[in-house]
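Asks: Enclosed is the structure file run_12.txt (compact mmCIF, C-alpha atoms).
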# COMPACT_ATOMS: atom_id res chain seq x y z
CA ALA A 1 -14.33 10.68 -2.06
CA GLN A 2 -10.69 10.59 -2.97
CA SER A 3 -9.30 8.78 -5.97
CA VAL A 4 -6.02 8.32 -7.81
CA THR A 5 -5.39 7.76 -11.51
CA GLN A 6 -2.07 6.51 -12.73
CA LEU A 7 -1.64 6.99 -16.46
CA GLY A 8 -0.03 3.99 -18.08
CA SER A 9 -0.07 0.56 -16.50
CA HIS A 10 3.33 -0.18 -18.03
CA VAL A 11 6.19 2.19 -18.81
CA SER A 12 9.42 1.11 -20.46
CA VAL A 13 12.59 3.22 -20.51
CA SER A 14 16.19 2.69 -21.49
CA GLU A 15 18.88 2.60 -18.83
CA GLY A 16 20.08 6.16 -18.24
CA ALA A 17 16.90 7.74 -19.61
CA LEU A 18 14.45 9.93 -17.74
CA VAL A 19 11.77 8.16 -15.73
CA LEU A 20 8.35 9.86 -15.62
CA LEU A 21 5.42 8.12 -13.92
CA ARG A 22 2.16 10.05 -13.93
CA CYS A 23 -0.32 10.40 -11.10
CA ASN A 24 -3.44 12.54 -10.92
CA TYR A 25 -5.63 12.69 -7.85
CA SER A 26 -9.08 13.80 -6.91
CA SER A 27 -9.69 15.21 -3.46
CA SER A 28 -12.10 17.77 -2.08
CA VAL A 29 -9.70 18.64 0.72
CA PRO A 30 -5.93 19.24 0.82
CA PRO A 31 -4.35 15.87 0.28
CA TYR A 32 -1.42 13.94 1.54
CA LEU A 33 0.25 12.28 -1.45
CA PHE A 34 2.56 9.30 -1.57
CA TRP A 35 4.60 7.18 -3.94
CA TYR A 36 5.37 3.58 -3.03
CA VAL A 37 7.50 1.02 -4.83
CA GLN A 38 6.96 -2.74 -4.84
CA TYR A 39 9.65 -5.16 -5.94
CA PRO A 40 8.70 -8.72 -6.90
CA ASN A 41 7.58 -10.85 -3.97
CA GLN A 42 7.93 -7.96 -1.55
CA GLY A 43 5.71 -5.50 0.23
CA LEU A 44 5.50 -1.80 -0.51
CA GLN A 45 8.24 0.66 0.37
CA LEU A 46 7.65 4.38 0.73
CA LEU A 47 9.60 6.41 -1.84
CA LEU A 48 8.43 9.87 -0.84
CA LYS A 49 5.45 11.80 0.47
CA TYR A 50 3.97 15.28 0.28
CA THR A 51 2.15 16.69 3.27
CA THR A 52 2.53 20.45 3.31
CA GLY A 53 5.17 23.02 2.44
CA ALA A 54 7.63 22.66 -0.43
CA THR A 55 5.90 21.23 -3.46
CA LEU A 56 9.00 19.50 -4.82
CA VAL A 57 9.63 16.45 -2.72
CA LYS A 58 12.81 14.39 -2.85
CA GLY A 59 12.75 10.73 -1.95
CA ILE A 60 14.97 7.72 -1.82
CA ASN A 61 16.93 6.24 -4.71
CA GLY A 62 17.09 9.56 -6.58
CA PHE A 63 13.33 9.90 -7.12
CA GLU A 64 11.42 13.12 -6.72
CA ALA A 65 7.86 14.30 -7.25
CA GLU A 66 6.21 17.67 -7.60
CA PHE A 67 2.80 18.53 -6.19
CA LYS A 68 0.88 20.72 -8.64
CA LYS A 69 -2.41 21.77 -7.14
CA SER A 70 -3.67 23.49 -10.29
CA GLU A 71 -3.15 20.28 -12.28
CA THR A 72 -4.10 17.93 -9.40
CA SER A 73 -0.96 16.00 -10.23
CA PHE A 74 1.92 14.38 -8.37
CA HIS A 75 4.16 12.92 -11.06
CA LEU A 76 7.22 10.89 -10.10
CA THR A 77 10.53 11.48 -11.88
CA LYS A 78 14.11 10.29 -11.86
CA PRO A 79 16.72 11.83 -14.16
CA SER A 80 18.51 8.60 -15.04
CA ALA A 81 16.98 5.13 -14.85
CA HIS A 82 18.91 2.22 -13.43
CA MET A 83 18.20 -1.46 -13.95
CA SER A 84 17.40 -1.78 -10.26
CA ASP A 85 14.49 0.67 -10.67
CA ALA A 86 12.44 -1.98 -12.44
CA ALA A 87 9.44 -2.52 -10.16
CA GLU A 88 5.79 -1.56 -9.70
CA TYR A 89 5.06 1.95 -8.51
CA PHE A 90 1.93 3.07 -6.69
CA CYS A 91 0.63 6.56 -6.09
CA ALA A 92 -1.65 7.02 -3.06
CA VAL A 93 -3.72 9.80 -1.51
CA SER A 94 -5.06 10.48 1.95
CA ASP A 95 -6.48 13.49 3.71
CA HIS A 96 -5.18 15.46 6.63
CA SER A 97 -7.65 14.09 9.13
CA GLY A 98 -5.79 10.85 9.62
CA ASN A 99 -9.13 9.13 9.78
CA THR A 100 -9.47 7.97 6.20
CA PRO A 101 -7.44 5.13 4.75
CA LEU A 102 -4.95 5.47 1.94
CA VAL A 103 -6.43 5.20 -1.53
CA PHE A 104 -4.01 3.67 -4.04
CA GLY A 105 -3.81 3.96 -7.78
CA LYS A 106 -3.74 0.82 -9.92
CA GLY A 107 0.02 0.94 -10.22
CA THR A 108 2.54 1.40 -13.04
CA ARG A 109 5.03 -1.30 -13.89
CA LEU A 110 8.39 0.19 -14.84
CA SER A 111 10.69 -1.80 -17.10
CA VAL A 112 14.28 -0.68 -17.68
CA ILE A 113 15.97 -1.82 -20.87
CA ALA A 114 19.73 -2.22 -21.01
CA LYS B 1 15.03 -3.37 14.23
CA ALA B 2 13.08 -6.23 12.66
CA GLY B 3 10.53 -5.34 9.99
CA VAL B 4 6.92 -6.33 9.66
CA THR B 5 6.55 -10.09 9.51
CA GLN B 6 3.65 -12.00 8.04
CA THR B 7 2.92 -15.68 8.35
CA PRO B 8 2.47 -17.82 6.45
CA ARG B 9 4.00 -16.45 3.25
CA TYR B 10 2.05 -18.81 1.01
CA LEU B 11 -1.21 -20.61 1.54
CA ILE B 12 -3.45 -22.81 -0.59
CA LYS B 13 -7.02 -23.36 0.53
CA THR B 14 -10.18 -24.85 -0.92
CA ARG B 15 -13.44 -22.99 -1.51
CA GLY B 16 -15.59 -22.96 1.59
CA GLN B 17 -12.70 -23.25 4.02
CA GLN B 18 -11.59 -20.50 6.35
CA VAL B 19 -8.13 -19.03 6.80
CA THR B 20 -6.27 -16.98 9.40
CA LEU B 21 -3.34 -14.77 8.51
CA SER B 22 -0.95 -13.29 11.04
CA CYS B 23 0.99 -10.04 11.17
CA SER B 24 3.62 -8.93 13.67
CA PRO B 25 4.30 -5.18 13.46
CA ILE B 26 7.60 -3.43 13.99
CA SER B 27 8.45 -3.31 17.67
CA GLY B 28 6.81 -0.28 19.24
CA HIS B 29 4.27 0.19 16.47
CA ARG B 30 0.68 0.07 17.67
CA SER B 31 -1.21 0.59 14.43
CA VAL B 32 -1.74 -2.22 11.94
CA SER B 33 -3.54 -2.02 8.61
CA TRP B 34 -4.47 -4.78 6.18
CA TYR B 35 -4.77 -4.59 2.41
CA GLN B 36 -5.82 -6.97 -0.33
CA GLN B 37 -3.86 -6.80 -3.60
CA THR B 38 -5.19 -8.37 -6.79
CA PRO B 39 -4.29 -7.80 -10.45
CA GLY B 40 -7.81 -6.64 -11.24
CA GLN B 41 -8.68 -4.45 -8.27
CA GLY B 42 -5.22 -3.34 -7.20
CA LEU B 43 -4.63 -2.46 -3.56
CA GLN B 44 -7.76 -2.27 -1.46
CA PHE B 45 -7.95 -1.34 2.20
CA LEU B 46 -9.43 -3.97 4.50
CA PHE B 47 -9.16 -2.59 8.04
CA GLU B 48 -6.99 -0.67 10.48
CA TYR B 49 -6.43 -1.48 14.13
CA PHE B 50 -4.94 0.63 16.87
CA SER B 51 -4.64 -0.40 20.50
CA GLU B 52 -6.84 -3.45 19.90
CA THR B 53 -9.66 -1.33 18.43
CA GLN B 54 -10.76 -1.25 14.82
CA ARG B 55 -10.48 2.34 13.60
CA ASN B 56 -11.47 1.91 10.00
CA LYS B 57 -12.98 -0.74 7.82
CA GLY B 58 -12.98 -1.02 4.05
CA ASN B 59 -15.79 -2.13 1.81
CA PHE B 60 -15.49 -5.89 2.19
CA PRO B 61 -18.12 -8.45 3.17
CA GLY B 62 -18.48 -9.66 6.72
CA ARG B 63 -16.56 -12.82 5.84
CA PHE B 64 -13.46 -10.71 6.33
CA SER B 65 -12.65 -9.96 9.95
CA GLY B 66 -9.67 -9.06 12.02
CA ARG B 67 -8.42 -8.41 15.49
CA GLN B 68 -5.44 -7.02 17.30
CA PHE B 69 -3.88 -8.33 20.46
CA SER B 70 -2.41 -6.45 23.40
CA ASN B 71 1.11 -6.94 21.99
CA SER B 72 -0.07 -5.23 18.76
CA ARG B 73 0.12 -8.41 16.72
CA SER B 74 -2.84 -8.73 14.40
CA GLU B 75 -4.72 -11.49 12.66
CA MET B 76 -7.21 -11.42 9.85
CA ASN B 77 -9.68 -14.17 9.14
CA VAL B 78 -11.57 -15.00 5.99
CA SER B 79 -14.42 -17.44 6.33
CA THR B 80 -16.19 -19.40 3.59
CA LEU B 81 -13.44 -18.76 1.08
CA GLU B 82 -14.34 -17.94 -2.52
CA LEU B 83 -12.16 -18.16 -5.62
CA GLY B 84 -12.13 -14.36 -5.77
CA ASP B 85 -10.40 -14.19 -2.41
CA SER B 86 -7.17 -15.35 -4.05
CA ALA B 87 -4.83 -12.42 -3.53
CA LEU B 88 -1.75 -11.07 -1.85
CA TYR B 89 -2.69 -9.87 1.63
CA LEU B 90 -0.44 -7.13 2.91
CA CYS B 91 -0.06 -5.91 6.44
CA ALA B 92 1.41 -2.52 7.32
CA SER B 93 2.35 -1.04 10.65
CA SER B 94 2.92 2.49 11.85
CA SER B 95 3.77 4.13 15.14
CA SER B 96 0.41 5.85 15.44
CA PRO B 97 -2.97 5.69 13.75
CA GLY B 98 -3.86 7.76 10.72
CA GLN B 99 -2.45 6.34 7.54
CA GLY B 100 -1.86 9.69 6.01
CA SER B 101 -0.02 11.15 8.92
CA TYR B 102 2.45 8.45 9.76
CA GLU B 103 4.63 6.36 7.53
CA GLN B 104 3.45 2.81 7.06
CA TYR B 105 5.89 -0.05 6.86
CA PHE B 106 4.70 -3.01 4.83
CA GLY B 107 5.33 -6.68 5.32
CA PRO B 108 6.11 -9.03 2.41
CA GLY B 109 2.54 -10.29 2.30
CA THR B 110 0.77 -13.63 2.41
CA ARG B 111 -0.09 -15.10 -0.99
CA LEU B 112 -3.45 -16.88 -0.66
CA THR B 113 -4.63 -19.17 -3.42
CA VAL B 114 -8.16 -20.53 -3.27
CA THR B 115 -8.90 -23.58 -5.44
Would you kindly transcribe this structure into structure tokens?
Replies:
Amino acid sequence: AQSVTQLGSHVSVSEGALVLLRCNYSSSVPPYLFWYVQYPNQGLQLLLKYTTGATLVKGINGFEAEFKKSETSFHLTKPSAHMSDAAEYFCAVSDHSGNTPLVFGKGTRLSVIA
Amino acid sequence: KAGVTQTPRYLIKTRGQQVTLSCSPISGHRSVSWYQQTPGQGLQFLFEYFSETQRNKGNFPGRFSGRQFSNSRSEMNVSTLELGDSALYLCASSSSPGQGSYEQYFGPGTRLTVT
């Protein structure tokens, strides 16, 4: 069975500082990996996804994530935090079959301090 | 193109009642998935429908059911509501089935409160 662990339920950074949100996954088969963002009172929006190929994936709003198979990780980063980045972030995993549902991590709430 | 719409946005029900939530996918999308989001359990998959057929079902009791219509709109029903059913119910649509293969677009959710 697949699973996702997000380290840190709450991360706080200063505006302009590096954002690093951690995600480790467990999967017995090559995974698809995703990061979603949820703003208050809204649904989830896809930030980026890894399927195959280049392990460094660039997404929207300046975010990127790197797939590291040896570390079973898919950490999300952004060089410089903006106030508008404050939201909840979810890492998710699926397999290549397309027949299993997405499995989400518990989420990390990002606060950005002025 | 209009996004995924969910109605109602907010709902208050009493224990023992039943509730029906509605989801209209993005035009042209034929796959609809439902999720339950709670502070304690996070996001949990309920079911996925494609072309009026249920493709996948999560680990929820039989009180939770759903269906999809020929126009791809979907409804989910919860019977005999319990306090623990209070949650944000999210609907997501995609152009084809297979949640890992195709990008899902989420609606704003229906906030259900059971008293």
Asks: Using only C-alpha atoms, which residue out of B:Ser33, B:Ser24, B:Thr5, B:Thr115 lies closest to Ser72 in chain B?
Replies: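 Once distances to Ser72 in chain B are computed over only C-alpha atoms, the minimum belongs to B:Ser24.
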Asks: Can you tell me, as a PDB file with C-alpha atoms, keeping the file's coordinate frame, what residues are no more than 7 Å from Tyr35 in chain B when counting only C-alpha atoms, ignoring any on the same chain fewer than 5 positions away?
Replies:
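Output (result.pdb):
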ATOM      1  CA  LEU B  43      -4.630  -2.460  -3.560  1.00  0.00           C
ATOM      2  CA  GLN B  44      -7.760  -2.270  -1.460  1.00  0.00           C
ATOM      3  CA  PHE B  45      -7.950  -1.340   2.200  1.00  0.00           C
ATOM      4  CA  LEU B  46      -9.430  -3.970   4.500  1.00  0.00           C
ATOM      5  CA  TYR B  89      -2.690  -9.870   1.630  1.00  0.00           C
ATOM      6  CA  LEU B  90      -0.440  -7.130   2.910  1.00  0.00           C
ATOM      7  CA  CYS B  91      -0.060  -5.910   6.440  1.00  0.00           C
TER       8      CYS B  91
END
Asks: Please find the residues of chain B near chain A - the criterion being any atom within 12 Å, counting all atoms listed in the file - and write them as a PyMOL selection string.
Replies: chain B and resi 3-6+9-10+32-50+54-59+88-93+96-111
Asks: Please, what is the axis-aligned box for every listed atom of range 73-77 of chain B with 8 Å on each side, as centre and edge lengths in Å to one decimal, as lines of an AutoDock Vina configuration file?
Replies:
center_x = -4.8
center_y = -11.3
center_z = 12.9
size_x = 25.8
size_y = 21.8
size_z = 23.6
Asks: Which one is closest to Ser111 in chain A: A:Gly62, A:Tyr25, A:Phe74, A:Val13? Count all atoms listed in the file.
Replies: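 Once distances to Ser111 in chain A are computed over all atoms listed in the file, the minimum belongs to A:Val13.
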Asks: Quick one: distance from CA of Val37 in chain A to CA of Ser9 in chain A in Å, one decimal?
Replies: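 Those two atoms sit 13.9 Å apart.
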Asks: Counting only C-alpha atoms, what is within 8 Å of Ser12 in chain A, bar same-chain residues fewer than 2 positions away, as a list of chain:residue names?
Replies: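 Neighbouring residues, sequence-local ones excluded: A:His10, A:Ser14, A:Leu110, A:Ser111, A:Val112, A:Ile113.
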Asks: How would the residues just chosen look if you wrote them out with C-alpha atoms as a PDB file, in the coordinates of the input?
Replies:
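out09.pdb, written as the output of this step:
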ATOM      1  CA  HIS A  10       3.330  -0.180 -18.030  1.00  0.00           C
ATOM      2  CA  SER A  14      16.190   2.690 -21.490  1.00  0.00           C
ATOM      3  CA  LEU A 110       8.390   0.190 -14.840  1.00  0.00           C
ATOM      4  CA  SER A 111      10.690  -1.800 -17.100  1.00  0.00           C
ATOM      5  CA  VAL A 112      14.280  -0.680 -17.680  1.00  0.00           C
ATOM      6  CA  ILE A 113      15.970  -1.820 -20.870  1.00  0.00           C
TER       7      ILE A 113
END
Asks: At what distance in Å, to one decimal, does CA of Thr77 in chain A lie from CA of Ala65 in chain A?
Replies: 6.0 Å
Asks: Choose the residue, out of A:Thr52, A:His82, A:Ala1, A:Ala87, that has the smallest atom-to-atom separation from Leu18 in chain A; count all atoms listed in the file.
Replies: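 Going through A:Thr52, A:His82, A:Ala1, A:Ala87 one by one, the smallest distance to Leu18 in chain A is for A:His82.
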Asks: With N, CA, C and O atoms as the target, complete range 101-115 of chain B and hand it back as a PDB file, in the coordinates of the input.
Replies:
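Dumped to part15.pdb:
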ATOM      1  N   SER B 101      -0.895  10.349   8.088  1.00  0.00           N
ATOM      2  CA  SER B 101      -0.020  11.150   8.920  1.00  0.00           C
ATOM      3  C   SER B 101       1.299  10.470   9.225  1.00  0.00           C
ATOM      4  O   SER B 101       2.322  11.118   9.397  1.00  0.00           O
ATOM      5  N   TYR B 102       1.265   9.158   9.321  1.00  0.00           N
ATOM      6  CA  TYR B 102       2.450   8.450   9.760  1.00  0.00           C
ATOM      7  C   TYR B 102       2.846   7.409   8.738  1.00  0.00           C
ATOM      8  O   TYR B 102       2.006   6.739   8.169  1.00  0.00           O
ATOM      9  N   GLU B 103       4.145   7.281   8.544  1.00  0.00           N
ATOM     10  CA  GLU B 103       4.630   6.360   7.530  1.00  0.00           C
ATOM     11  C   GLU B 103       4.263   4.932   7.880  1.00  0.00           C
ATOM     12  O   GLU B 103       4.415   4.501   9.015  1.00  0.00           O
ATOM     13  N   GLN B 104       3.764   4.219   6.881  1.00  0.00           N
ATOM     14  CA  GLN B 104       3.450   2.810   7.060  1.00  0.00           C
ATOM     15  C   GLN B 104       4.577   1.965   6.533  1.00  0.00           C
ATOM     16  O   GLN B 104       5.146   2.247   5.485  1.00  0.00           O
ATOM     17  N   TYR B 105       4.876   0.905   7.256  1.00  0.00           N
ATOM     18  CA  TYR B 105       5.890  -0.050   6.860  1.00  0.00           C
ATOM     19  C   TYR B 105       5.182  -1.364   6.526  1.00  0.00           C
ATOM     20  O   TYR B 105       4.463  -1.903   7.358  1.00  0.00           O
ATOM     21  N   PHE B 106       5.412  -1.828   5.310  1.00  0.00           N
ATOM     22  CA  PHE B 106       4.700  -3.010   4.830  1.00  0.00           C
ATOM     23  C   PHE B 106       5.496  -4.286   5.027  1.00  0.00           C
ATOM     24  O   PHE B 106       6.724  -4.304   4.896  1.00  0.00           O
ATOM     25  N   GLY B 107       4.752  -5.354   5.297  1.00  0.00           N
ATOM     26  CA  GLY B 107       5.330  -6.680   5.320  1.00  0.00           C
ATOM     27  C   GLY B 107       5.389  -7.241   3.909  1.00  0.00           C
ATOM     28  O   GLY B 107       4.884  -6.622   2.963  1.00  0.00           O
ATOM     29  N   PRO B 108       5.972  -8.435   3.736  1.00  0.00           N
ATOM     30  CA  PRO B 108       6.110  -9.030   2.410  1.00  0.00           C
ATOM     31  C   PRO B 108       4.807  -9.622   1.871  1.00  0.00           C
ATOM     32  O   PRO B 108       4.710  -9.924   0.681  1.00  0.00           O
ATOM     33  N   GLY B 109       3.830  -9.789   2.747  1.00  0.00           N
ATOM     34  CA  GLY B 109       2.540 -10.290   2.300  1.00  0.00           C
ATOM     35  C   GLY B 109       2.391 -11.796   2.453  1.00  0.00           C
ATOM     36  O   GLY B 109       3.367 -12.543   2.583  1.00  0.00           O
ATOM     37  N   THR B 110       1.126 -12.215   2.451  1.00  0.00           N
ATOM     38  CA  THR B 110       0.770 -13.630   2.410  1.00  0.00           C
ATOM     39  C   THR B 110       0.036 -13.863   1.094  1.00  0.00           C
ATOM     40  O   THR B 110      -0.979 -13.204   0.816  1.00  0.00           O
ATOM     41  N   ARG B 111       0.553 -14.772   0.287  1.00  0.00           N
ATOM     42  CA  ARG B 111      -0.090 -15.100  -0.990  1.00  0.00           C
ATOM     43  C   ARG B 111      -1.090 -16.218  -0.749  1.00  0.00           C
ATOM     44  O   ARG B 111      -0.710 -17.343  -0.450  1.00  0.00           O
ATOM     45  N   LEU B 112      -2.380 -15.894  -0.864  1.00  0.00           N
ATOM     46  CA  LEU B 112      -3.450 -16.880  -0.660  1.00  0.00           C
ATOM     47  C   LEU B 112      -3.997 -17.312  -2.006  1.00  0.00           C
ATOM     48  O   LEU B 112      -4.385 -16.480  -2.822  1.00  0.00           O
ATOM     49  N   THR B 113      -4.018 -18.607  -2.213  1.00  0.00           N
ATOM     50  CA  THR B 113      -4.630 -19.170  -3.420  1.00  0.00           C
ATOM     51  C   THR B 113      -5.795 -20.031  -3.002  1.00  0.00           C
ATOM     52  O   THR B 113      -5.647 -20.928  -2.161  1.00  0.00           O
ATOM     53  N   VAL B 114      -6.960 -19.758  -3.570  1.00  0.00           N
ATOM     54  CA  VAL B 114      -8.160 -20.530  -3.270  1.00  0.00           C
ATOM     55  C   VAL B 114      -8.508 -21.367  -4.498  1.00  0.00           C
ATOM     56  O   VAL B 114      -8.652 -20.833  -5.603  1.00  0.00           O
ATOM     57  N   THR B 115      -8.619 -22.681  -4.306  1.00  0.00           N
ATOM     58  CA  THR B 115      -8.900 -23.580  -5.440  1.00  0.00           C
ATOM     59  C   THR B 115     -10.282 -24.218  -5.297  1.00  0.00           C
ATOM     60  O   THR B 115     -10.881 -24.198  -4.212  1.00  0.00           O
TER      61      THR B 115
END
